[in-house]
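The structure file final.cif is reproduced below (mmCIF, C-alpha atoms).
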```
data_final
loop_
_atom_site.label_atom_id
_atom_site.label_comp_id
_atom_site.auth_asym_id
_atom_site.auth_seq_id
_atom_site.Cartn_x
_atom_site.Cartn_y
_atom_site.Cartn_z
CA MET Z 1 0.00 0.00 0.00
CA CYS Z 2 1.11 3.53 -0.72
CA GLY Z 3 -1.62 5.98 0.17
CA ARG Z 4 0.24 9.23 0.70
CA ASN Z 5 3.24 10.85 -1.01
CA SER Z 6 5.33 14.01 -0.93
CA LEU Z 7 7.53 15.93 -3.35
CA PHE Z 8 9.09 19.12 -2.02
CA ILE Z 9 12.48 19.35 -3.70
CA ASP Z 10 13.15 22.70 -5.43
CA GLN Z 11 12.14 22.69 -9.08
CA GLN Z 12 15.66 23.30 -10.35
CA ASP Z 13 16.98 20.40 -8.30
CA LEU Z 14 14.06 18.21 -9.38
CA GLU Z 15 14.71 18.84 -13.04
CA SER Z 16 18.42 18.26 -12.58
CA ALA Z 17 17.91 15.02 -10.65
CA PHE Z 18 15.78 13.48 -13.39
CA ASP Z 19 17.21 15.33 -16.40
CA ALA Z 20 13.70 16.47 -17.33
CA THR Z 21 11.72 19.71 -17.53
CA VAL Z 22 8.47 20.46 -15.68
CA VAL Z 23 5.64 20.79 -18.22
CA ALA Z 24 2.65 20.29 -15.89
CA ASP Z 25 -0.22 22.75 -16.18
CA GLY Z 26 0.16 25.36 -13.47
CA GLY Z 27 3.84 24.62 -13.01
CA TYR Z 28 5.39 22.90 -10.02
CA THR Z 29 4.51 23.44 -6.36
CA PRO Z 30 6.33 21.59 -3.55
CA ARG Z 31 3.92 19.32 -1.65
CA TYR Z 32 4.34 17.65 1.73
CA ASN Z 33 1.07 15.72 1.87
CA ILE Z 34 -0.17 14.40 -1.48
CA ALA Z 35 -3.33 12.31 -1.14
CA PRO Z 36 -5.19 10.05 -3.59
CA GLY Z 37 -7.10 12.18 -6.06
CA ASP Z 38 -4.37 14.83 -6.04
CA GLY Z 39 -1.75 15.19 -8.76
CA LEU Z 40 1.46 13.17 -8.84
CA GLU Z 41 4.54 14.32 -10.73
CA VAL Z 42 5.44 11.65 -13.28
CA ILE Z 43 7.82 10.92 -16.15
CA THR Z 44 6.38 8.63 -18.82
CA SER Z 45 8.00 6.41 -21.42
CA GLU Z 46 6.45 8.64 -24.08
CA ALA Z 47 8.20 11.78 -22.83
CA THR Z 48 11.28 10.86 -20.83
CA ASP Z 49 12.50 14.46 -20.72
CA GLU Z 50 9.27 15.90 -19.28
CA ILE Z 51 7.82 16.02 -15.78
CA ASP Z 52 4.03 16.09 -15.98
CA ARG Z 53 1.30 15.83 -13.34
CA PHE Z 54 -1.30 13.04 -13.46
CA TYR Z 55 -4.35 12.29 -11.35
CA TRP Z 56 -3.51 9.80 -8.59
CA GLY Z 57 -5.85 6.87 -9.12
CA LEU Z 58 -5.99 4.85 -12.32
CA ILE Z 59 -9.62 5.11 -13.40
CA PRO Z 60 -11.17 1.99 -14.97
CA PRO Z 61 -12.51 2.59 -18.49
CA TRP Z 62 -15.99 1.63 -17.31
CA ALA Z 63 -15.99 4.01 -14.32
CA ASP Z 64 -18.46 6.90 -14.30
CA ASP Z 65 -16.63 8.87 -11.64
CA PRO Z 66 -12.92 9.78 -11.31
CA GLY Z 67 -13.32 9.01 -7.61
CA ASP Z 68 -13.27 5.33 -8.56
CA GLY Z 69 -9.53 5.54 -9.33
CA ILE Z 70 -7.25 2.76 -8.08
CA ILE Z 71 -4.22 4.20 -6.28
CA ASN Z 72 -2.09 1.03 -6.07
CA ALA Z 73 -1.56 -2.11 -8.14
CA ARG Z 74 0.07 -5.30 -6.85
CA SER Z 75 3.11 -5.89 -9.05
CA GLU Z 76 2.80 -9.66 -8.66
CA THR Z 77 -0.60 -9.75 -10.38
CA VAL Z 78 -0.80 -6.48 -12.31
CA ASP Z 79 -0.65 -8.28 -15.68
CA GLU Z 80 -3.60 -10.49 -14.70
CA LYS Z 81 -6.05 -7.69 -13.90
CA ARG Z 82 -8.12 -6.43 -16.82
CA VAL Z 83 -8.16 -2.90 -15.47
CA PHE Z 84 -4.35 -2.69 -15.61
CA GLN Z 85 -3.43 -4.87 -18.59
CA GLU Z 86 -3.18 -2.22 -21.29
CA ALA Z 87 -1.33 0.25 -19.08
CA TRP Z 88 1.04 -2.47 -17.88
CA GLU Z 89 1.86 -3.53 -21.43
CA SER Z 90 2.76 -0.13 -22.81
CA ARG Z 91 2.49 2.77 -20.32
CA PRO Z 92 5.17 2.60 -17.61
CA CYS Z 93 6.05 5.77 -15.74
CA LEU Z 94 8.15 7.07 -12.87
CA VAL Z 95 6.28 8.55 -9.91
CA LEU Z 96 8.55 11.12 -8.27
CA SER Z 97 8.84 11.39 -4.51
CA SER Z 98 10.67 13.02 -1.62
CA GLY Z 99 9.22 10.39 0.68
CA PHE Z 100 6.02 8.44 1.20
CA TYR Z 101 4.01 7.69 4.34
CA GLU Z 102 2.76 4.47 5.91
CA TRP Z 103 0.73 3.78 9.05
CA GLN Z 104 1.69 1.15 11.60
CA SER Z 105 -1.12 -0.61 13.46
CA ARG Z 106 -0.47 -0.66 17.21
CA ASN Z 107 -2.55 -3.21 19.16
CA GLY Z 108 -5.87 -1.83 18.02
CA GLY Z 109 -5.03 1.73 19.00
CA LEU Z 110 -4.37 4.75 16.84
CA LYS Z 111 -2.12 3.98 13.90
CA GLN Z 112 1.35 5.53 14.00
CA PRO Z 113 2.37 7.30 10.77
CA TYR Z 114 5.93 7.01 9.46
CA ARG Z 115 7.82 8.90 6.82
CA ILE Z 116 9.92 6.69 4.54
CA PHE Z 117 12.58 8.38 2.41
CA ARG Z 118 15.89 7.82 0.66
CA GLU Z 119 18.62 9.05 2.97
CA GLY Z 120 21.10 11.32 1.20
CA GLY Z 121 18.94 11.60 -1.91
CA PRO Z 122 16.82 14.66 -2.73
CA ALA Z 123 14.17 12.62 -4.57
CA PHE Z 124 13.57 9.14 -5.94
CA ALA Z 125 11.23 7.36 -8.33
CA MET Z 126 8.56 4.77 -7.64
CA ALA Z 127 7.33 2.43 -10.37
CA GLY Z 128 3.99 3.38 -11.86
CA ILE Z 129 1.72 2.78 -14.83
CA TRP Z 130 -0.66 5.28 -16.33
CA ASP Z 131 -3.71 5.47 -18.56
CA GLU Z 132 -6.03 7.97 -20.18
CA TRP Z 133 -9.62 7.98 -18.91
CA GLN Z 134 -12.36 9.45 -21.08
CA GLU Z 135 -16.01 9.96 -20.25
CA ASN Z 136 -18.61 12.37 -21.68
CA GLY Z 137 -15.97 14.44 -23.41
CA GLU Z 138 -13.76 14.60 -20.32
CA SER Z 139 -10.22 13.24 -20.56
CA ARG Z 140 -7.87 12.67 -17.65
CA SER Z 141 -4.37 11.21 -17.44
CA CYS Z 142 -4.26 9.00 -14.36
CA VAL Z 143 -1.65 6.88 -12.60
CA THR Z 144 -1.30 4.07 -10.10
CA ILE Z 145 1.74 3.11 -8.02
CA LEU Z 146 2.98 -0.47 -8.09
CA THR Z 147 3.55 -2.23 -4.77
CA THR Z 148 5.54 -5.26 -3.66
CA GLU Z 149 6.45 -7.21 -0.53
CA PRO Z 150 7.99 -5.11 2.26
CA ASN Z 151 11.70 -5.05 2.92
CA ASP Z 152 13.16 -5.40 6.43
CA LEU Z 153 12.66 -1.70 7.12
CA ILE Z 154 9.00 -1.55 6.10
CA GLU Z 155 7.84 -4.94 7.39
CA PRO Z 156 7.29 -3.77 11.00
CA ILE Z 157 5.27 -0.83 9.66
CA HIS Z 158 3.19 -2.28 6.82
CA ASP Z 159 2.77 -5.49 4.84
CA ARG Z 160 3.25 -3.79 1.46
CA MET Z 161 5.53 -1.10 0.06
CA PRO Z 162 5.80 0.79 -3.24
CA VAL Z 163 8.32 -0.42 -5.79
CA VAL Z 164 11.15 2.07 -5.21
CA LEU Z 165 13.45 1.92 -8.23
CA PRO Z 166 17.24 2.10 -7.90
CA GLN Z 167 18.45 5.27 -9.55
CA ASP Z 168 20.36 3.36 -12.20
CA GLU Z 169 17.23 1.38 -13.12
CA GLU Z 170 14.87 4.31 -13.68
CA ASN Z 171 15.51 4.59 -17.42
CA ARG Z 172 15.34 0.83 -17.76
CA TRP Z 173 11.86 0.85 -16.20
CA LEU Z 174 10.67 3.25 -18.88
CA SER Z 175 12.24 1.40 -21.81
CA ALA Z 176 11.82 -2.25 -20.76
CA GLY Z 177 9.12 -4.65 -21.83
CA PRO Z 178 6.61 -6.20 -19.40
CA GLU Z 179 8.71 -9.26 -18.52
CA GLU Z 180 11.78 -7.18 -17.74
CA ARG Z 181 9.72 -4.74 -15.70
CA HIS Z 182 8.41 -7.62 -13.62
CA GLU Z 183 12.02 -8.38 -12.69
CA LEU Z 184 12.44 -4.81 -11.44
CA CYS Z 185 9.46 -5.04 -9.09
CA GLN Z 186 11.51 -6.00 -6.06
CA PRO Z 187 11.57 -4.67 -2.49
CA SER Z 188 14.08 -1.86 -2.18
CA PRO Z 189 17.29 -2.83 -0.34
CA GLY Z 190 16.87 -1.95 3.33
CA GLU Z 191 19.99 0.21 3.40
CA ASP Z 192 18.58 2.32 0.55
CA LEU Z 193 15.77 3.80 2.67
CA ASP Z 194 15.22 5.18 6.14
CA ALA Z 195 12.13 5.83 8.26
CA TYR Z 196 11.02 7.70 11.35
CA PRO Z 197 7.71 8.30 13.15
CA ILE Z 198 5.87 11.57 12.58
CA SER Z 199 2.82 13.13 14.16
CA THR Z 200 -0.74 12.38 13.09
CA ARG Z 201 -0.79 15.79 11.41
CA VAL Z 202 -0.27 13.89 8.14
CA ASN Z 203 -3.65 12.17 8.58
CA ASP Z 204 -5.41 15.31 7.38
CA PRO Z 205 -4.52 16.00 3.71
CA SER Z 206 -5.24 19.71 4.26
CA ASN Z 207 -2.08 19.81 6.39
CA ASP Z 208 0.46 20.41 3.63
CA SER Z 209 3.48 22.10 5.17
CA PRO Z 210 7.02 21.26 6.34
CA GLN Z 211 5.62 20.51 9.80
CA VAL Z 212 4.20 17.26 8.40
CA ILE Z 213 7.66 15.68 8.09
CA GLU Z 214 8.94 16.73 11.52
CA PRO Z 215 9.89 13.72 13.70
CA LYS Z 216 7.40 12.83 16.38
CA GLU Z 217 8.44 14.11 19.79
CA SER Z 218 8.56 10.78 21.58
CA LYS Z 219 11.17 8.38 22.91
CA GLN Z 220 9.12 5.44 21.65
CA SER Z 221 9.57 4.94 17.92
CA GLY Z 222 7.73 1.61 17.68
CA LEU Z 223 10.69 0.23 15.77
CA ASP Z 224 12.98 -0.44 18.70
CA GLU Z 225 13.76 -3.98 17.64
CA PHE Z 226 15.61 -3.10 14.48
CA SER Z 227 17.87 -0.45 13.08
CA LEU Z 228 16.59 2.14 10.65
CA GLY Z 229 19.90 2.08 8.78
#
```
Target encoding structure tokens, full file:
Amino acid sequence: MCGRNSLFIDQQDLESAFDATVVADGGYTPRYNIAPGDGLEVITSEATDEIDRFYWGLIPPWADDPGDGIINARSETVDEKRVFQEAWESRPCLVLSSGFYEWQSRNGGLKQPYRIFREGGPAFAMAGIWDEWQENGESRSCVTILTTEPNDLIEPIHDRMPVVLPQDEENRWLSAGPEERHELCQPSPGEDLDAYPISTRVNDPSNDSPQVIEPKESKQSGLDEFSLG
């Protein structure tokens, strides 16, 4: 599962990191709390030198409402699901991120949110697929994020994680065929990512400020039994 994202790197650094230019309508605005139904910055195989913004939630062709968009697709079975088959075959994309959020269940109590990010890296790319939804003259480019089994870092927090691509495999994801892309859908090496608990401020998507990513003021992290790298 990946149900919340962020991208707050400066535009110049973003374009430099991915060797691409922002072309999204309205330009680029740093975001600390991107929720399903918002826009995600993406790079597609059709325009590898452009950073566009697509609706987060791949909308089935038969859907009447954009709110029916699917935000995640299991990489293990994505080629078996009719809703994803065409996008999987020919529409890979990179979903850009400064860090995503997951919630850890804690003995039936309130879930503890965590920020997961690439330490030492200004931004990274998650594996996605995209499609074009059309209904009653309306057209919308939409995207879903692929997920896989959790690595050692994520497992105590959640039972799924997004496919975080190694930097040297990002171009390969865009150019590869379906079989090769399946091989890339692996849990990210544990040492590649880091995580820390944050406040429940992130639970409300209207909270979209740097305060969202501040570490929680608590001695209990909930991850005492393993190192965060």
List as a ChimeraX atom specification: which residues have an atom within 9 Å of (-12.2, 5.1, -5.4), counting only C-alpha atoms?
/Z:36-37,57,59,65-71
Could you take the residues named above and write them with C-alpha atoms, as a compact mmCIF listing (two decimals), in the frame of the given file?
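What landed in part-v5.txt:
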```txt
# COMPACT_ATOMS: atom_id res chain seq x y z
CA PRO Z 36 -5.19 10.05 -3.59
CA GLY Z 37 -7.10 12.18 -6.06
CA GLY Z 57 -5.85 6.87 -9.12
CA ILE Z 59 -9.62 5.11 -13.40
CA ASP Z 65 -16.63 8.87 -11.64
CA PRO Z 66 -12.92 9.78 -11.31
CA GLY Z 67 -13.32 9.01 -7.61
CA ASP Z 68 -13.27 5.33 -8.56
CA GLY Z 69 -9.53 5.54 -9.33
CA ILE Z 70 -7.25 2.76 -8.08
CA ILE Z 71 -4.22 4.20 -6.28
```
Is it possible to get the residues within 10 Å of (7.2, 8.7, 1.5) (coordinates as in the file, counting all atoms listed in the file) written as a list in words?
Cys2, Gly3, Arg4, Asn5, Ser6, Leu7, Tyr32, Asn33, Ile34, Ser97, Ser98, Gly99, Phe100, Tyr101, Glu102, Tyr114, Arg115, Ile116, Phe117, Arg118, Phe124, Pro162, Leu193, Asp194, Ala195 and Ile213 of chain Z
Emit the selected residues as an mmCIF file, keeping the file's coordinate frame, including C-alpha atoms.
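The file below, part_17.cif, is the result:
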```
data_model
loop_
_atom_site.group_PDB
_atom_site.id
_atom_site.type_symbol
_atom_site.label_atom_id
_atom_site.label_comp_id
_atom_site.auth_asym_id
_atom_site.auth_seq_id
_atom_site.Cartn_x
_atom_site.Cartn_y
_atom_site.Cartn_z
ATOM 1 C CA CYS Z 2 1.110 3.530 -0.720
ATOM 2 C CA GLY Z 3 -1.620 5.980 0.170
ATOM 3 C CA ARG Z 4 0.240 9.230 0.700
ATOM 4 C CA ASN Z 5 3.240 10.850 -1.010
ATOM 5 C CA SER Z 6 5.330 14.010 -0.930
ATOM 6 C CA LEU Z 7 7.530 15.930 -3.350
ATOM 7 C CA TYR Z 32 4.340 17.650 1.730
ATOM 8 C CA ASN Z 33 1.070 15.720 1.870
ATOM 9 C CA ILE Z 34 -0.170 14.400 -1.480
ATOM 10 C CA SER Z 97 8.840 11.390 -4.510
ATOM 11 C CA SER Z 98 10.670 13.020 -1.620
ATOM 12 C CA GLY Z 99 9.220 10.390 0.680
ATOM 13 C CA PHE Z 100 6.020 8.440 1.200
ATOM 14 C CA TYR Z 101 4.010 7.690 4.340
ATOM 15 C CA GLU Z 102 2.760 4.470 5.910
ATOM 16 C CA TYR Z 114 5.930 7.010 9.460
ATOM 17 C CA ARG Z 115 7.820 8.900 6.820
ATOM 18 C CA ILE Z 116 9.920 6.690 4.540
ATOM 19 C CA PHE Z 117 12.580 8.380 2.410
ATOM 20 C CA ARG Z 118 15.890 7.820 0.660
ATOM 21 C CA PHE Z 124 13.570 9.140 -5.940
ATOM 22 C CA PRO Z 162 5.800 0.790 -3.240
ATOM 23 C CA LEU Z 193 15.770 3.800 2.670
ATOM 24 C CA ASP Z 194 15.220 5.180 6.140
ATOM 25 C CA ALA Z 195 12.130 5.830 8.260
ATOM 26 C CA ILE Z 213 7.660 15.680 8.090
#
```
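For the residues Z:Asp52, Z:Glu217, Z:Asp10, Z:Glu46, ranking by smallest atom-to-atom distance to Z:Pro92 using only C-alpha atoms places Z:Glu46 first.
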Please determine, counting only C-alpha atoms, which residue among Z:Leu40, Z:Val212, Z:Leu110, Z:Ile51 has the shortest atom-to-atom distance to Z:Asp19.
Z:Ile51
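When atom CA of Z:Asp38 is paired with atom CA of Z:Ala20, their separation reads 21.4 Å.
Distance-wise, atom CA of Z:Pro30 and atom CA of Z:Ala123 end up 12.0 Å apart.
Picked by the PyMOL selection byres ((chain Z and resi 146-156) around 7) from the coordinates shown: Met1, Asn72, Ala73, Arg74, Ser75, Ala127, Gly128, Thr144, Ile145, Ile157, His158, Asp159, Arg160, Met161, Pro162, Val163, Cys185, Gln186, Pro187, Ser188, Pro189, Gly190 and Leu228 of chain Z.
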Any chance you could work out the residue set of the PyMOL selection byres ((chain Z and resi 80-90) around 10) here, as a ChimeraX atom specification?
/Z:45-46,58-62,70,73-79,91-93,128-132,143-144,174-179,181-182
Go ahead and write the residues just picked, C-alpha atoms, as a PDB file, in the coordinates of the input.
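And here is the file that came out, result.pdb:
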```pdb
ATOM      1  CA  SER Z  45       8.000   6.410 -21.420  1.00  0.00           C
ATOM      2  CA  GLU Z  46       6.450   8.640 -24.080  1.00  0.00           C
ATOM      3  CA  LEU Z  58      -5.990   4.850 -12.320  1.00  0.00           C
ATOM      4  CA  ILE Z  59      -9.620   5.110 -13.400  1.00  0.00           C
ATOM      5  CA  PRO Z  60     -11.170   1.990 -14.970  1.00  0.00           C
ATOM      6  CA  PRO Z  61     -12.510   2.590 -18.490  1.00  0.00           C
ATOM      7  CA  TRP Z  62     -15.990   1.630 -17.310  1.00  0.00           C
ATOM      8  CA  ILE Z  70      -7.250   2.760  -8.080  1.00  0.00           C
ATOM      9  CA  ALA Z  73      -1.560  -2.110  -8.140  1.00  0.00           C
ATOM     10  CA  ARG Z  74       0.070  -5.300  -6.850  1.00  0.00           C
ATOM     11  CA  SER Z  75       3.110  -5.890  -9.050  1.00  0.00           C
ATOM     12  CA  GLU Z  76       2.800  -9.660  -8.660  1.00  0.00           C
ATOM     13  CA  THR Z  77      -0.600  -9.750 -10.380  1.00  0.00           C
ATOM     14  CA  VAL Z  78      -0.800  -6.480 -12.310  1.00  0.00           C
ATOM     15  CA  ASP Z  79      -0.650  -8.280 -15.680  1.00  0.00           C
ATOM     16  CA  ARG Z  91       2.490   2.770 -20.320  1.00  0.00           C
ATOM     17  CA  PRO Z  92       5.170   2.600 -17.610  1.00  0.00           C
ATOM     18  CA  CYS Z  93       6.050   5.770 -15.740  1.00  0.00           C
ATOM     19  CA  GLY Z 128       3.990   3.380 -11.860  1.00  0.00           C
ATOM     20  CA  ILE Z 129       1.720   2.780 -14.830  1.00  0.00           C
ATOM     21  CA  TRP Z 130      -0.660   5.280 -16.330  1.00  0.00           C
ATOM     22  CA  ASP Z 131      -3.710   5.470 -18.560  1.00  0.00           C
ATOM     23  CA  GLU Z 132      -6.030   7.970 -20.180  1.00  0.00           C
ATOM     24  CA  VAL Z 143      -1.650   6.880 -12.600  1.00  0.00           C
ATOM     25  CA  THR Z 144      -1.300   4.070 -10.100  1.00  0.00           C
ATOM     26  CA  LEU Z 174      10.670   3.250 -18.880  1.00  0.00           C
ATOM     27  CA  SER Z 175      12.240   1.400 -21.810  1.00  0.00           C
ATOM     28  CA  ALA Z 176      11.820  -2.250 -20.760  1.00  0.00           C
ATOM     29  CA  GLY Z 177       9.120  -4.650 -21.830  1.00  0.00           C
ATOM     30  CA  PRO Z 178       6.610  -6.200 -19.400  1.00  0.00           C
ATOM     31  CA  GLU Z 179       8.710  -9.260 -18.520  1.00  0.00           C
ATOM     32  CA  ARG Z 181       9.720  -4.740 -15.700  1.00  0.00           C
ATOM     33  CA  HIS Z 182       8.410  -7.620 -13.620  1.00  0.00           C
TER      34      HIS Z 182
END
```
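Proximity to Z:Ser199 was assessed for Z:Pro113, Z:Ala63, Z:Ala125, Z:Leu184 counting only C-alpha atoms; the smallest distance is recorded for Z:Pro113.
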If I take atom CA of Z:Gly26 and atom CA of Z:Val164, how far is one from the other in Å, to one decimal?
27.0 Å
Taking only C-alpha atoms into account, which of Z:Leu96, Z:Asn203, Z:Glu50, Z:Lys216 comes nearest Z:Leu165?
Z:Leu96
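Distances to Z:Ser16 were evaluated for Z:Ser105, Z:Thr29, Z:Asp49, Z:Asn207 using all atoms listed in the file, and the minimum falls at Z:Asp49.
Among Z:Pro122, Z:Val202, Z:Asn171, Z:Asp208, the residue with the shortest atom-to-atom distance to Z:Ala17, counting all atoms listed in the file, is Z:Pro122.
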Complete the atoms of stretch 185-201 of chain Z to N, CA and C atoms and put them out as a compact mmCIF listing (two decimals), keeping the file's coordinate frame.
```txt
# COMPACT_ATOMS: atom_id res chain seq x y z
N CYS Z 185 10.42 -5.27 -10.17
CA CYS Z 185 9.46 -5.04 -9.09
C CYS Z 185 9.88 -5.82 -7.84
N GLN Z 186 10.95 -5.36 -7.24
CA GLN Z 186 11.51 -6.00 -6.06
C GLN Z 186 11.50 -5.03 -4.88
N PRO Z 187 11.45 -5.56 -3.65
CA PRO Z 187 11.57 -4.67 -2.49
C PRO Z 187 12.90 -3.93 -2.53
N SER Z 188 12.86 -2.66 -2.20
CA SER Z 188 14.08 -1.86 -2.18
C SER Z 188 15.03 -2.39 -1.11
N PRO Z 189 16.34 -2.42 -1.38
CA PRO Z 189 17.29 -2.83 -0.34
C PRO Z 189 17.10 -1.99 0.93
N GLY Z 190 17.14 -2.65 2.08
CA GLY Z 190 16.87 -1.95 3.33
C GLY Z 190 17.78 -0.76 3.57
N GLU Z 191 19.05 -0.87 3.15
CA GLU Z 191 19.99 0.21 3.40
C GLU Z 191 19.75 1.42 2.49
N ASP Z 192 18.86 1.25 1.50
CA ASP Z 192 18.58 2.32 0.55
C ASP Z 192 17.58 3.34 1.10
N LEU Z 193 16.83 2.95 2.13
CA LEU Z 193 15.77 3.80 2.67
C LEU Z 193 15.94 3.97 4.17
N ASP Z 194 15.26 4.96 4.70
CA ASP Z 194 15.22 5.18 6.14
C ASP Z 194 13.79 5.57 6.52
N ALA Z 195 13.49 5.53 7.81
CA ALA Z 195 12.13 5.83 8.26
C ALA Z 195 12.16 6.40 9.66
N TYR Z 196 11.17 7.21 9.97
CA TYR Z 196 11.02 7.70 11.35
C TYR Z 196 9.55 8.06 11.59
N PRO Z 197 9.10 7.98 12.84
CA PRO Z 197 7.71 8.30 13.15
C PRO Z 197 7.46 9.80 13.10
N ILE Z 198 6.28 10.16 12.64
CA ILE Z 198 5.87 11.57 12.58
C ILE Z 198 4.53 11.70 13.30
N SER Z 199 4.08 12.91 13.46
CA SER Z 199 2.82 13.13 14.16
C SER Z 199 1.64 12.77 13.26
N THR Z 200 0.47 12.68 13.85
CA THR Z 200 -0.74 12.38 13.09
C THR Z 200 -1.23 13.58 12.28
N ARG Z 201 -0.46 14.64 12.26
CA ARG Z 201 -0.79 15.79 11.41
C ARG Z 201 -0.98 15.36 9.96
```
